[in-house]
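Trainee: Just so it is clear, I am handing over query17.pdb, which has PDB, C-alpha atoms.
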MODEL        1
ATOM      1  CA  MET A   1      10.921  67.848 -78.647
ATOM      2  CA  ILE A   2       8.737  66.466 -75.852
ATOM      3  CA  SER A   3       7.237  63.838 -78.178
ATOM      4  CA  GLU A   4      10.740  62.569 -78.960
ATOM      5  CA  LEU A   5      11.402  61.846 -75.255
ATOM      6  CA  TRP A   6       8.280  59.706 -74.595
ATOM      7  CA  ILE A   7       9.467  56.641 -76.460
ATOM      8  CA  PRO A   8      12.831  56.252 -74.662
ATOM      9  CA  LEU A   9      11.240  57.110 -71.305
ATOM     10  CA  ALA A  10       8.526  54.498 -71.833
ATOM     11  CA  GLY A  11      11.184  51.925 -72.743
ATOM     12  CA  ILE A  12      13.222  52.749 -69.662
ATOM     13  CA  ALA A  13      10.106  52.640 -67.429
ATOM     14  CA  MET A  14       9.183  49.160 -68.727
ATOM     15  CA  ILE A  15      12.358  47.588 -67.323
ATOM     16  CA  PRO A  16      11.689  48.282 -63.601
ATOM     17  CA  THR A  17       7.992  47.566 -64.074
ATOM     18  CA  THR A  18       8.803  44.154 -65.563
ATOM     19  CA  VAL A  19      11.320  43.322 -62.819
ATOM     20  CA  ILE A  20       8.990  44.348 -59.995
ATOM     21  CA  GLY A  21       6.051  42.554 -61.650
ATOM     22  CA  SER A  22       8.111  39.371 -61.988
ATOM     23  CA  ILE A  23       9.134  39.470 -58.330
ATOM     24  CA  VAL A  24       5.527  39.967 -57.233
ATOM     25  CA  ALA A  25       4.314  37.137 -59.496
ATOM     26  CA  VAL A  26       6.964  34.691 -58.234
ATOM     27  CA  SER A  27       6.260  35.499 -54.591
ATOM     28  CA  TRP A  28       2.504  35.118 -55.173
ATOM     29  CA  ALA A  29       3.045  31.728 -56.857
ATOM     30  CA  ARG A  30       5.244  30.506 -53.974
ATOM     31  CA  ARG A  31       2.666  31.626 -51.432
ATOM     32  CA  ALA A  32      -0.151  29.861 -53.290
ATOM     33  CA  LYS A  33       1.945  26.690 -53.524
ATOM     34  CA  ALA A  34       2.751  26.792 -49.792
ATOM     35  CA  GLU A  35      -0.944  27.220 -48.913
ATOM     36  CA  ALA A  36      -1.867  24.281 -51.132
ATOM     37  CA  ALA A  37       0.801  22.113 -49.477
ATOM     38  CA  ALA A  38      -0.472  23.081 -46.023
ATOM     39  CA  THR A  39      -4.004  21.913 -46.837
ATOM     40  CA  ARG A  40      -2.803  18.565 -48.195
ATOM     41  CA  LEU A  41      -3.700  15.541 -46.051
ATOM     42  CA  PRO A  42      -0.975  13.325 -44.572
ATOM     43  CA  SER A  43      -0.306  10.094 -46.454
ATOM     44  CA  ASP A  44      -1.423   7.810 -43.613
ATOM     45  CA  LEU A  45      -4.764   9.640 -43.425
ATOM     46  CA  THR A  46      -5.154   9.420 -47.192
ATOM     47  CA  MET A  47      -4.520   5.660 -47.102
ATOM     48  CA  ARG A  48      -7.033   5.271 -44.270
ATOM     49  CA  LEU A  49      -9.670   7.201 -46.202
ATOM     50  CA  GLU A  50      -9.055   5.012 -49.262
ATOM     51  CA  ARG A  51      -9.564   1.858 -47.164
ATOM     52  CA  MET A  52     -12.761   3.314 -45.731
ATOM     53  CA  GLU A  53     -13.989   4.097 -49.234
ATOM     54  CA  GLN A  54     -13.308   0.527 -50.353
ATOM     55  CA  GLY A  55     -15.131  -0.819 -47.299
ATOM     56  CA  ILE A  56     -18.133   1.388 -47.941
ATOM     57  CA  ASP A  57     -18.205   0.284 -51.585
ATOM     58  CA  SER A  58     -18.157  -3.393 -50.590
ATOM     59  CA  ILE A  59     -20.950  -2.791 -48.066
ATOM     60  CA  ALA A  60     -22.999  -1.116 -50.781
ATOM     61  CA  VAL A  61     -22.547  -4.150 -53.039
ATOM     62  CA  GLU A  62     -23.616  -6.514 -50.255
ATOM     63  CA  VAL A  63     -26.692  -4.412 -49.442
ATOM     64  CA  GLU A  64     -27.663  -4.520 -53.113
ATOM     65  CA  ARG A  65     -27.324  -8.323 -53.088
ATOM     66  CA  ILE A  66     -29.489  -8.548 -49.978
ATOM     67  CA  SER A  67     -32.175  -6.381 -51.560
ATOM     68  CA  GLU A  68     -32.116  -8.510 -54.733
ATOM     69  CA  ALA A  69     -32.545 -11.656 -52.621
ATOM     70  CA  GLN A  70     -35.401 -10.049 -50.716
ATOM     71  CA  ARG A  71     -37.161  -9.062 -53.963
ATOM     72  CA  PHE A  72     -36.716 -12.590 -55.276
ATOM     73  CA  THR A  73     -38.089 -14.117 -52.074
ATOM     74  CA  SER A  74     -41.059 -11.743 -52.100
ATOM     75  CA  LYS A  75     -41.783 -12.686 -55.703
ATOM     76  CA  LEU A  76     -41.657 -16.401 -54.837
ATOM     77  CA  LEU A  77     -43.960 -15.929 -51.847
ATOM     78  CA  ALA A  78     -46.405 -13.888 -53.918
ATOM     79  CA  GLY A  79     -46.449 -16.647 -56.536
ATOM     80  CA  ARG A  80     -47.012 -19.296 -53.887
ATOM     81  CA  THR A  81     -49.934 -17.301 -52.440
ATOM     82  CA  GLU A  82     -51.509 -16.879 -55.874
ATOM     83  CA  SER A  83     -51.209 -20.595 -56.665
ATOM     84  CA  ALA A  84     -52.748 -21.495 -53.287
ATOM     85  CA  GLU A  85     -55.662 -19.145 -53.957
ATOM     86  CA  LEU A  86     -56.166 -20.665 -57.400
ATOM     87  CA  GLN A  87     -56.223 -24.188 -55.962
ATOM     88  CA  GLN A  88     -58.765 -23.224 -53.325
ATOM     89  CA  SER A  89     -61.010 -21.401 -55.795
ATOM     90  CA  THR A  90     -61.106 -24.342 -58.233
ATOM     91  CA  PRO A  91     -64.013 -26.636 -57.262
ATOM     92  CA  GLY A  92     -63.585 -30.390 -57.511
ATOM     93  CA  ARG A  93     -59.844 -30.262 -57.268
ATOM     94  CA  GLN A  94     -58.230 -31.830 -54.255
ATOM     95  CA  ASP A  95     -54.837 -31.116 -52.763
ATOM     96  CA  ARG A  96     -52.403 -33.961 -52.539
TER
ENDMDL
END
Here is a file; write its structure as structure tokens.

Mentor:
Amino acid sequence: MISELWIPLAGIAMIPTTVIGSIVAVSWARRAKAEAAATRLPSDLTMRLERMEQGIDSIAVEVERISEAQRFTSKLLAGRTESAELQQSTPGRQDR
């Protein structure tokens, strides 16, 4: 007789458990969404950060160009020094 009552009681107990669980889940989701919205940056600050990022990227490109030019210049100067040393070390050859 007791075993016959467990199934209907379990079914009846599931209804309030499901309702209360749904309410808790919805309130938790709303709270998480509100916290996420509070940490979001304002649009004007986001636009400013994007402009700063673009500026930093363009500066990085220019610095890379400067370093390439410096490497090229150093290579040219090293070649000029080597050719001058070769001309001086060669006997009988005169500079023009």

Trainee: What does the distance between CA of Trp6 in chain A and CA of Gly21 in chain A come to in Å, to one decimal place?

Mentor: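 Computing the Euclidean distance for CA of Trp6 in chain A and CA of Gly21 in chain A yields 21.6 Å.
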
Trainee: Go ahead and compute the interatomic distance for CA of Ala34 in chain A and CA of Ser22 in chain A, in Å to one decimal.

Mentor: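 These atoms are spaced 18.3 Å apart.
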
Trainee: Which value, in Å to one decimal, gives the distance between CA of Gly11 in chain A and CA of Arg30 in chain A?

Mentor: 29.1 Å
